[in-house]
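Q: Questions regarding the structure given below will be posed in turn.
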Amino acid sequence: MSDNTLLIVLVAILGGALRVSTPFMFVALGECLTEKSGRVNLGLEGTLVLGAMSAYATSYHTGSPWLGVFAAGVAGAALGAMHGAICRLPKVNDIAVGIAMMLFGTGLAFFFGKAYVQPTAPRLDSIPLGGWSDSPQLAQALQINPLIIVGLVVAFLMWWSFANTRWGLILRMSGDSAPSALAMGVSVDLVRFLATTAGGFLAGVGGAFLSLYYPGSWTQGLSSGQGLMAVALVIFARWNPLRCVAAAFLFGAAGAIGPALQSVGITQGYYFFNAAPYILTLFIMIASAGSKHAARDVPGELSITK
Amino acid sequence: MSANPSASIDPPRQRALSLETIGMSKAFGALQALDDVSVKIEAGSFHALLGENGAGKSTLVKAIMGYYQADRGQLLLDGRETQIRNPRDARAHGLGMVYQHFTLVPCLTGAENLVISRADAPAIIDWAKEKRALAAFLDRMPFRAPLDVPVATLAAGEKQKLEILKLLYLDQRLLILDEPTSVLTPQEADEILGLLKGMTERKEISVLMITHKFREVTAFADAVSVLRRGRHVGGGRVAEMSTDEMARLMIGDTQIRERAARAGNEAGETVLELAGLTAGDDGGPLVLNAVNLKVRAGEIVGVAGVSGNGQSQLVEVLSGQRLLRDGRIFVRNQPFEPDRDSFYRLKVFGLPEEPLKNAAVPRMTVAENMAFRSFDRPPNATLGWWLSPGPMRAKARELIARYRVKTQSTETAIGDLSGGNVQRAILARELSGDVDVLIVANPCFGLDFASVMEIRSQIMEQRNKGAAVLLVSEDLDEILELSDRVAVMSEGAVNYTSPTALTDRATIGKHMAGHA
Ligand SMILES: Nc1ncnc2c1ncn2[C@@H]1O[C@H](COP(=O)(O)OP(=O)(O)OP(=O)(O)O)[C@@H](O)[C@H]1O
Ligand SMILES: [Mg+2]
C-alpha cells in the first residue's frame, strides 16, 4: 500500500467517523443522561428508529428538515416519558420496560413509516469545512453535518452542568443515592422521569440524523443496533459526556474501516471490517467489566449494578 | 477554637430552638411503633433519647422530620404548633437530622454535598465564590472535614463530621442525631459531642441525640427521655438520674439474661488455623500481610486493632467474600475453602459486620433469611431442590422466640426490622446448629445494652460448649471481657498475641498503634 492510499484510507476513515458517529453520540448522550439519574433505558434503539421515521415524515410534509429534527426529538421524548412514567410504578424493572419500549418504538415506526419508504424528503445540508483543502478527498471527508455540532455543544453543556449547576448536582444525587436525595426533599421519581424524557429527546434527534443525513432515507433496516451499542458505549465512557463523544468517534471510526478500505479497492475481509463496531463492543464490555474505574464511576442506583 | 467569631457578626440572640411532641402515634400495619409519645426538648439543651432496639426511637425522630407522617399527634416548635409534611419543611423550620445511615451522596464531593443541600442553591453554581464562602464557614466551625474529594473516599469519622457540618452550614437550630457515634472511635465521638455540647451551652443550637451508650449520656446530655415499645416511659434531668434508673426504664421488668460465666475448661486442640493469609486489592497494596493465628476449641481469641488495619478484610476472607492471594486456612487440620459446602461440613459459622449488607437479603422475609444455612437440606427441602416453606417458618418461629427477635411475623422483610433485631435474627441463624468455629465481627455494633449482654453471653456459651471463637472487634472493652487470648492487628498483620490475663490495655494499645 503506497503512502497515498494509506492517506486516502485514513481520510476516508476520518470522514466516515464524523458521519457514522453522530447517531452513536446522540443516543449515548441520552443514555448517559438517563443513567446518571439512576435508570437504564434500553429502549433507545426503538427511540432512534421512531425518531428517524418521525423526522423523515415531518420533513417530507413540511419541507423543513429542521422541523423534522425537532419532531424526532419530540417523538423520542414521548417514548422516554412513557418509560419514565411506567418505571415510577412500584415493582417495575427498568430493563424489562426498556426492552418492551424498544419493540414498541420500532413497531410504531414501521407501522406509520410504511407510507414514507418511497417518497423523498428534503435532507439536512452539510457544512463544507474542507474548502481550504485542495485534496478533494479531504474536502469530502470534512463535509460536516450540522447535527454533530449540536451534539458536541450538548455534550459540553451536559458535562459542564453535571458539575456546575443545581440541576446537575440533583441529577447525580438521584442517580447515586436515592435515600439521600429523598432525605433532602428531592423527588427522585420526578428527576428520573425528566432525565429519561430528555434522554429520549436526544436519542430521537440521533434518529433524525439517520433518515435526514446519512444514509439519508427512511427504510426499515435503517438502524443496525446503534441504540443498543450506545448503552455499552456509555459504560465504556464511564458516564462522562465528553468521553461519550470520544467513544462515539471511536465506534464511528471502527464502522468506517470497511467502506474506507473498499474505496481503495481492498475488499478482502469487508464483512469482517463491517463487523468491527460489534467486535469492538464485545471487547469493550469485557475490558470494562473488570475495570475498577468503571466500578467507581457507576451511578450507585443503577439496577444493573445494585 | 472555642471563641466563636460569628458571635461578633451576628447580633447576640438565642438561636437554639425548642421542640415538643404531643401524643405522637405511628403504626406500621399491626405494629404500634409509636404510641402517644410526648417529649419536650428545651431550647439550648442537649437531650438524649434512649430505648431498646426497636423501641421506636428512629421512628419518632423520622416522624418529627416529616420523613414519616405520624398517624396522630402535634409538634410544637418554640411553643408554636407546626406542620411538617416532609424533610424539606423540617429544614425550612431549622430542623436538621443525621440519619442512622449516611445521607451524603457518595459520588459528590464534600463541597458539592454542602452546596446542593442548601434550599437556595443557585441554579448555576459559581464555584470560586462558593469555595470562598465555604472556607469562611469552616473557619467559624469547631471542626473540619475534607471538602474537595468525593465523599465515597472518606473514612467513617470524616463522613460523620461532614454530616454534622452540613447541618450547621444549613444554619439548622435543632440537630437530631440518630446514633451518631456508632461509626466513630471513642476519641472522635468525644471530640464531636464535646464541640456540639459547647454550641448548646452557648445557646446556638439544641441537640436531640439517640444513643445506646450511657457514658455519652452522662458525659454530654442535660436531659433524657426513654422510650419502651413505642411509649414514653420516663425521663428527666441527667444530673438527677443514675444509669441504673435509665436502664430500668428502658427494659421495664423484662429479665436480663444472666451473663454467661466463663467455664473454667482448658482450651482443647487447635481447631481454626490461619497460615500466612495474604490478600490485596488488584494492583493495590496488601490489606492482609501474612496473618498467622490459631484458635483452639473452647477458646475465644479477640482480634483488636485500630479500624482499617485489615480486620474487616480478614473477616471477608474467612467468609468467602474476598479471595486470598496466598496462605491457607485449616479447620481441624483440613484445608478449608470458604464455600457453602465446607461451611456446612466443618460447622463454621459467622456474624459479619453490617449483617444487613453482608449476611442477609433485605427484601426477603425473616423466615427465608433464617433458612439461608439450611433451606436446601431436609426438612426444608426434598431432593435438595423442592423447598417447603412450612418447616422453614416453624423453625423461624422457634428461633424468633428463643432469641427474642422483635418482628411482626416470620413473613416481614428483614430490612424492615430495627438494626438490633437484624443482628439477633442473623445470630439466631448462625447459632442454631452445632458450632465448631464461630467468626464474629463487631457483634454488638448499635445494640442496646440488654442485647449486648445477651449476645455476649451467647458467644460465651458457644465457647463453653467447645467452639473455637474468633472475635474481631473495635471495642477493646468487649475484647477484654470476652477473650481468652488477645491478638492485635496492625497494618494487615497480627503483631502481638497474649493470654488476656497476662496483658493490659496499655500494652495492647501500644501494639495497636504499631509500636512494639
Ligand atoms: N418502614 C417500616 N415498616 C415496618 N415496620 C417498621 C418500619 N420501620 C420501623 N419498623 C418497626 O418499628 C419498630 C421501631 O423501629 P425503630 O427503627 O424506630 O427502632 P429504634 O428504636 O430506632 O431501634 P434501633 O435502636 O435498633 O435503631 C421496629 O419494631 C421496626 O421493626
Ligand atoms: Mg434506630
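Scheme for the C-alpha cells: letters A, B, ... for chains in order shown; per-chain residue numbers from 1; ligand numbers from 1 in order shown.
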Which residues, written as a short mmCIF file (atom, residue, chain, number, x, y, z; two decimals) with N, CA and C atoms, in the first residue's frame, have at least one atom at most 6 Å from range 246-254 of chain A, with only C-alpha atoms counted and residues fewer than 2 positions away on the same chain left out?
A:
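Result file is part-v2.cif:
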data_model
loop_
_atom_site.label_atom_id
_atom_site.label_comp_id
_atom_site.auth_asym_id
_atom_site.auth_seq_id
_atom_site.Cartn_x
_atom_site.Cartn_y
_atom_site.Cartn_z
N ILE A 13 -11.56 7.17 6.63
CA ILE A 13 -11.99 6.73 7.96
C ILE A 13 -12.42 7.95 8.78
N ALA A 17 -15.93 8.43 10.24
CA ALA A 17 -16.12 8.53 11.68
C ALA A 17 -17.00 9.72 11.99
N VAL A 20 -20.59 8.58 10.77
CA VAL A 20 -21.25 7.45 11.43
C VAL A 20 -21.41 7.68 12.93
N SER A 21 -20.53 8.51 13.49
CA SER A 21 -20.53 8.62 14.96
C SER A 21 -21.71 9.41 15.49
N PHE A 24 -24.53 7.50 17.21
CA PHE A 24 -23.97 6.93 18.44
C PHE A 24 -23.90 7.98 19.54
N MET A 25 -23.42 9.15 19.10
CA MET A 25 -23.17 10.22 20.05
C MET A 25 -24.47 10.64 20.73
N ARG A 243 -16.37 11.94 27.33
CA ARG A 243 -15.83 10.64 26.92
C ARG A 243 -16.83 9.90 26.04
N CYS A 244 -18.14 10.18 26.21
CA CYS A 244 -19.15 9.59 25.32
C CYS A 244 -18.86 10.02 23.89
N ALA A 256 -16.20 2.74 9.99
CA ALA A 256 -15.81 3.30 8.70
C ALA A 256 -14.65 2.54 8.07
N ILE A 257 -14.04 1.62 8.81
CA ILE A 257 -12.87 0.92 8.28
C ILE A 257 -13.23 0.15 7.01
N ALA A 276 -16.66 -4.63 12.65
CA ALA A 276 -15.72 -4.06 13.63
C ALA A 276 -16.41 -3.39 14.82
N PRO A 277 -17.46 -2.57 14.60
CA PRO A 277 -18.06 -1.92 15.78
C PRO A 277 -18.62 -2.93 16.77
#
Q: For range 133-150 of chain A, work out the shell of residues within 6 Å, counting only C-alpha atoms and skipping chain neighbours fewer than 5 positions away, then give it as a PyMOL selection string.
A: chain A and resi 15+22+126-128
Q: If you keep N, CA, C and O atoms, can you produce a file of those selected residues as a tab-separated table (two decimals), in the first residue's frame?
A:
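Listed below is the output, out-v3.tsv:
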chain	number	residue	atom	x	y	z
A	15	GLY	N	-13.59	10.80	7.66
A	15	GLY	CA	-14.90	11.25	7.18
A	15	GLY	C	-16.00	10.33	7.65
A	15	GLY	O	-17.04	10.78	8.13
A	22	THR	N	-22.31	10.25	14.64
A	22	THR	CA	-23.33	11.16	15.17
A	22	THR	C	-24.48	10.45	15.88
A	22	THR	O	-24.80	10.81	17.01
A	126	SER	N	-25.13	19.78	4.44
A	126	SER	CA	-23.89	19.64	5.20
A	126	SER	C	-23.13	20.96	5.16
A	126	SER	O	-23.37	21.82	4.32
A	127	ILE	N	-22.20	21.08	6.07
A	127	ILE	CA	-21.40	22.30	6.15
A	127	ILE	C	-20.01	21.96	5.63
A	127	ILE	O	-19.32	21.14	6.23
A	128	PRO	N	-19.60	22.56	4.54
A	128	PRO	CA	-18.28	22.22	3.99
A	128	PRO	C	-17.17	22.91	4.78
A	128	PRO	O	-16.93	24.10	4.63
Q: Enumerate the residues of range 68-194 of chain B with a DSSP assignment of strand (DSSP E or B), computed from the backbone, and present them as a PyMOL selection string.
A: chain B and resi 72-77+80-81+95-98+109+124+150+174-178
Q: Next, dump the selected residues to file, keeping only C-alpha atoms, as a compact mmCIF listing (two decimals), in the first residue's frame.
A:
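Okay, this is what ended up in again_4.txt:
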# COMPACT_ATOMS: atom_id res chain seq x y z
CA ARG B 72 -51.75 11.32 65.35
CA GLY B 73 -50.03 13.97 67.41
CA GLN B 74 -48.77 17.52 67.28
CA LEU B 75 -45.43 19.17 67.04
CA LEU B 76 -44.56 22.46 68.72
CA LEU B 77 -41.51 24.45 67.68
CA ARG B 80 -45.95 27.20 68.24
CA GLU B 81 -47.79 24.35 66.60
CA LEU B 95 -34.61 21.12 62.00
CA GLY B 96 -31.71 19.06 60.74
CA MET B 97 -31.05 15.37 61.16
CA VAL B 98 -28.15 12.98 60.85
CA THR B 109 -17.51 15.97 46.84
CA ILE B 124 -25.66 27.98 38.23
CA PRO B 150 -15.78 12.54 46.66
CA LEU B 174 -32.10 21.94 66.31
CA LEU B 175 -29.97 18.95 65.39
CA ILE B 176 -31.30 15.44 65.63
CA LEU B 177 -28.59 12.80 65.67
CA ASP B 178 -29.52 9.12 65.30
Q: As a PyMOL selection string, please: the residues near range 130-137 of chain B (cut-off 10 Å, only C-alpha atoms, same-chain neighbours under 6 positions excluded).
A: chain B and resi 6+111-112+114-115+144+147-148+165+168-169
Q: Check every residue of chain A for an atom within 9 Å of chain B, counting only C-alpha atoms, and provide those that qualify as a VMD selection string.
A: chain A and resid 161 163 to 167 169 to 170 172 to 174 176 to 186 292 296 to 297 299 to 300
Q: Return as a compact mmCIF listing (two decimals) with N, CA and C atoms, in the first residue's frame every polymer residue, whether protein, DNA or RNA, with at least one atom no more than 9 Å from an atom of ligand 2; count only C-alpha atoms and all ligand atoms.
A:
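Generated output (result15.txt):
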# COMPACT_ATOMS: atom_id res chain seq x y z
N ASN B 53 -33.45 -1.64 71.24
CA ASN B 53 -33.57 -1.78 69.79
C ASN B 53 -35.04 -2.02 69.45
N GLY B 54 -35.54 -1.25 68.51
CA GLY B 54 -36.93 -1.43 68.11
C GLY B 54 -37.91 -0.70 69.01
N ALA B 55 -37.42 0.14 69.91
CA ALA B 55 -38.33 0.85 70.81
C ALA B 55 -39.09 1.95 70.08
N GLY B 56 -38.60 2.37 68.93
CA GLY B 56 -39.30 3.39 68.17
C GLY B 56 -38.57 4.73 68.14
N LYS B 57 -37.30 4.74 68.53
CA LYS B 57 -36.55 6.00 68.58
C LYS B 57 -36.41 6.60 67.18
N SER B 58 -35.93 5.78 66.25
CA SER B 58 -35.77 6.29 64.90
C SER B 58 -37.11 6.72 64.32
N THR B 59 -38.13 5.94 64.61
CA THR B 59 -39.46 6.27 64.09
C THR B 59 -39.92 7.63 64.62
N TYR B 99 -29.04 10.93 59.93
CA TYR B 99 -29.73 9.64 60.00
C TYR B 99 -28.78 8.55 60.44
N GLN B 100 -29.36 7.39 60.79
CA GLN B 100 -28.56 6.27 61.27
C GLN B 100 -27.60 5.81 60.17
N ASP B 178 -29.11 10.50 65.04
CA ASP B 178 -29.52 9.12 65.30
C ASP B 178 -28.27 8.25 65.40
N GLU B 179 -27.92 7.89 66.59
CA GLU B 179 -26.72 7.09 66.87
C GLU B 179 -25.51 7.60 66.10
N ILE B 210 -29.97 10.28 69.76
CA ILE B 210 -30.30 8.89 70.09
C ILE B 210 -29.00 8.16 70.34
N SER B 418 -35.65 -3.38 63.07
CA SER B 418 -34.72 -2.37 63.56
C SER B 418 -33.31 -2.97 63.56
N GLY B 419 -32.31 -2.09 63.54
CA GLY B 419 -30.93 -2.54 63.38
C GLY B 419 -30.55 -3.68 64.32
N GLY B 420 -30.91 -3.54 65.59
CA GLY B 420 -30.51 -4.54 66.55
C GLY B 420 -31.17 -5.89 66.29
N GLY B 446 -24.18 -0.98 67.65
CA GLY B 446 -25.51 -0.38 67.59
C GLY B 446 -26.58 -1.10 68.39
Q: Skipping near chain neighbours, those fewer than 3 positions away, what residues fall within 8 Å of range 188-204 of chain B using only C-alpha atoms, listed as a list in words?
A: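 My list of contacting residues is Ser2, Gln14, Arg15, Ala16, Ala43, Gly44, Ser45, Phe46, Pro142, Phe143, Gly157, Lys161, Arg173, Thr181, Leu184, Thr185, Val207, Phe220 and Ala221 of chain B.
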Q: So that I can see what lies close to Arg404 in chain B, please list as a list in words the residues with an atom at most 9 Å from it, counting only C-alpha atoms and leaving out residues fewer than 3 positions away in the same chain.
A: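 In the requested format, the answer is Leu399, Ile400, Ala401, Thr407, Asn421, Arg424 and Ala425 of chain B.
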Q: Restricted to N, CA, C and O atoms, what would the selected residues look like written as a PDB file, in the first residue's frame?
A:
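Below is the file that was written, out_5.pdb:
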ATOM      1  N   LEU B 399     -36.837 -19.867  66.463  1.00  0.00           N
ATOM      2  CA  LEU B 399     -35.657 -19.020  66.675  1.00  0.00           C
ATOM      3  C   LEU B 399     -36.047 -17.621  67.137  1.00  0.00           C
ATOM      4  O   LEU B 399     -35.404 -17.030  67.995  1.00  0.00           O
ATOM      5  N   ILE B 400     -37.122 -17.092  66.554  1.00  0.00           N
ATOM      6  CA  ILE B 400     -37.571 -15.749  66.919  1.00  0.00           C
ATOM      7  C   ILE B 400     -37.922 -15.714  68.395  1.00  0.00           C
ATOM      8  O   ILE B 400     -37.550 -14.798  69.129  1.00  0.00           O
ATOM      9  N   ALA B 401     -38.584 -16.786  68.860  1.00  0.00           N
ATOM     10  CA  ALA B 401     -38.950 -16.820  70.270  1.00  0.00           C
ATOM     11  C   ALA B 401     -37.702 -16.980  71.136  1.00  0.00           C
ATOM     12  O   ALA B 401     -37.513 -16.275  72.118  1.00  0.00           O
ATOM     13  N   THR B 407     -40.110  -8.934  65.698  1.00  0.00           N
ATOM     14  CA  THR B 407     -40.580  -8.800  64.325  1.00  0.00           C
ATOM     15  C   THR B 407     -42.072  -9.061  64.323  1.00  0.00           C
ATOM     16  O   THR B 407     -42.583  -9.763  65.199  1.00  0.00           O
ATOM     17  N   ASN B 421     -32.372  -5.843  65.782  1.00  0.00           N
ATOM     18  CA  ASN B 421     -33.083  -7.101  65.582  1.00  0.00           C
ATOM     19  C   ASN B 421     -32.599  -7.857  64.368  1.00  0.00           C
ATOM     20  O   ASN B 421     -32.677  -9.080  64.324  1.00  0.00           O
ATOM     21  N   ARG B 424     -29.790  -9.832  65.771  1.00  0.00           N
ATOM     22  CA  ARG B 424     -30.243 -11.012  66.522  1.00  0.00           C
ATOM     23  C   ARG B 424     -30.714 -12.098  65.586  1.00  0.00           C
ATOM     24  O   ARG B 424     -30.459 -13.279  65.810  1.00  0.00           O
ATOM     25  N   ALA B 425     -31.462 -11.705  64.545  1.00  0.00           N
ATOM     26  CA  ALA B 425     -32.009 -12.700  63.623  1.00  0.00           C
ATOM     27  C   ALA B 425     -30.861 -13.476  62.974  1.00  0.00           C
ATOM     28  O   ALA B 425     -30.917 -14.706  62.863  1.00  0.00           O
TER      29      ALA B 425
END
Q: Please give the complete set of residues from range 71-137 of chain A that DSSP, run on the backbone, assigns to helix (DSSP H, G or I), formatted as a ChimeraX atom specification.
A: /A:71-88,94-116,136-137
Q: Find the spatial neighbours of Leu387 in chain B, counting only C-alpha atoms, within a cut-off of 10 Å - ignore same-chain residues fewer than 4 positions away - and output them as a VMD selection string.
A: chain B and resid 375 to 383 391 to 392
Q: Take the residues from that selection and put them in a file with N, CA, C and O atoms, as a PDB file, in the first residue's frame.
A:
ATOM      1  N   PHE B 375     -31.827 -24.120  53.850  1.00  0.00           N
ATOM      2  CA  PHE B 375     -33.032 -24.223  53.010  1.00  0.00           C
ATOM      3  C   PHE B 375     -32.988 -25.394  52.056  1.00  0.00           C
ATOM      4  O   PHE B 375     -34.004 -25.904  51.637  1.00  0.00           O
ATOM      5  N   ASP B 376     -31.772 -25.849  51.693  1.00  0.00           N
ATOM      6  CA  ASP B 376     -31.690 -26.921  50.702  1.00  0.00           C
ATOM      7  C   ASP B 376     -31.428 -28.283  51.344  1.00  0.00           C
ATOM      8  O   ASP B 376     -30.941 -29.192  50.715  1.00  0.00           O
ATOM      9  N   ARG B 377     -31.714 -28.373  52.624  1.00  0.00           N
ATOM     10  CA  ARG B 377     -31.495 -29.659  53.300  1.00  0.00           C
ATOM     11  C   ARG B 377     -32.793 -30.052  53.994  1.00  0.00           C
ATOM     12  O   ARG B 377     -33.592 -29.191  54.347  1.00  0.00           O
ATOM     13  N   PRO B 378     -33.020 -31.348  54.182  1.00  0.00           N
ATOM     14  CA  PRO B 378     -34.229 -31.746  54.891  1.00  0.00           C
ATOM     15  C   PRO B 378     -34.253 -31.135  56.296  1.00  0.00           C
ATOM     16  O   PRO B 378     -33.178 -30.943  56.857  1.00  0.00           O
ATOM     17  N   PRO B 379     -35.372 -30.772  56.884  1.00  0.00           N
ATOM     18  CA  PRO B 379     -36.715 -30.985  56.334  1.00  0.00           C
ATOM     19  C   PRO B 379     -37.177 -29.836  55.440  1.00  0.00           C
ATOM     20  O   PRO B 379     -38.310 -29.850  54.979  1.00  0.00           O
ATOM     21  N   ASN B 380     -36.301 -28.825  55.193  1.00  0.00           N
ATOM     22  CA  ASN B 380     -36.735 -27.688  54.387  1.00  0.00           C
ATOM     23  C   ASN B 380     -36.834 -28.024  52.909  1.00  0.00           C
ATOM     24  O   ASN B 380     -37.509 -27.340  52.162  1.00  0.00           O
ATOM     25  N   ALA B 381     -36.118 -29.060  52.491  1.00  0.00           N
ATOM     26  CA  ALA B 381     -36.086 -29.354  51.070  1.00  0.00           C
ATOM     27  C   ALA B 381     -36.122 -30.855  50.849  1.00  0.00           C
ATOM     28  O   ALA B 381     -35.583 -31.625  51.643  1.00  0.00           O
ATOM     29  N   THR B 382     -36.778 -31.245  49.772  1.00  0.00           N
ATOM     30  CA  THR B 382     -36.773 -32.638  49.372  1.00  0.00           C
ATOM     31  C   THR B 382     -35.887 -32.735  48.149  1.00  0.00           C
ATOM     32  O   THR B 382     -35.988 -31.907  47.237  1.00  0.00           O
ATOM     33  N   LEU B 383     -35.001 -33.715  48.111  1.00  0.00           N
ATOM     34  CA  LEU B 383     -34.094 -33.922  46.987  1.00  0.00           C
ATOM     35  C   LEU B 383     -33.189 -32.713  46.738  1.00  0.00           C
ATOM     36  O   LEU B 383     -32.582 -32.580  45.702  1.00  0.00           O
ATOM     37  N   PRO B 391     -41.797 -25.998  57.170  1.00  0.00           N
ATOM     38  CA  PRO B 391     -40.757 -26.218  58.180  1.00  0.00           C
ATOM     39  C   PRO B 391     -39.864 -24.992  58.384  1.00  0.00           C
ATOM     40  O   PRO B 391     -39.434 -24.717  59.498  1.00  0.00           O
ATOM     41  N   MET B 392     -39.609 -24.229  57.301  1.00  0.00           N
ATOM     42  CA  MET B 392     -38.782 -23.027  57.431  1.00  0.00           C
ATOM     43  C   MET B 392     -39.423 -22.052  58.385  1.00  0.00           C
ATOM     44  O   MET B 392     -38.780 -21.490  59.257  1.00  0.00           O
TER      45      MET B 392
END
Q: Determine the nearest neighbour of ligand 1 from the options B:Val39, B:Val61, B:Leu314, B:Met453, counting only C-alpha atoms and all ligand atoms.
A: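 Closest residue, counting only C-alpha atoms and all ligand atoms: B:Val61.
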Q: Excluding Arg328 in chain B and any residue of its chain fewer than 5 positions from it, enumerate the residues within 12 Å of it, using only C-alpha atoms, and give them as an MDAnalysis selection string.
A: chainID B and resid 272:279 290:293 317:318 323 333:338
Q: Rank B:Asp341, B:Asp35, B:Asp139, B:Asp504 by their smallest atom-to-atom distance to ligand 1, using only C-alpha atoms and all ligand atoms, and report the top residue only.
A: B:Asp35
Q: Which one of B:Val486, B:Val315, B:Val405, B:Ala493 sits closest to ligand 1 if you count only C-alpha atoms and all ligand atoms?
A: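 Smallest distance to ligand 1 is found for B:Val405.
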Q: Looking at B:Lys294, B:Ser182, B:Ala261, B:Ser409, which one is nearest to Cys444 in chain B, with distances taken over only C-alpha atoms?
A: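 With only C-alpha atoms as the atom set, the closest residue is B:Ser182.
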Q: Would you please work out which residue, of B:Leu447, B:Val331, B:Val306, B:Ala247, is nearest to ligand 1 when using only C-alpha atoms and all ligand atoms?
A: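 Ranking B:Leu447, B:Val331, B:Val306, B:Ala247 by distance to ligand 1, first place goes to B:Leu447.
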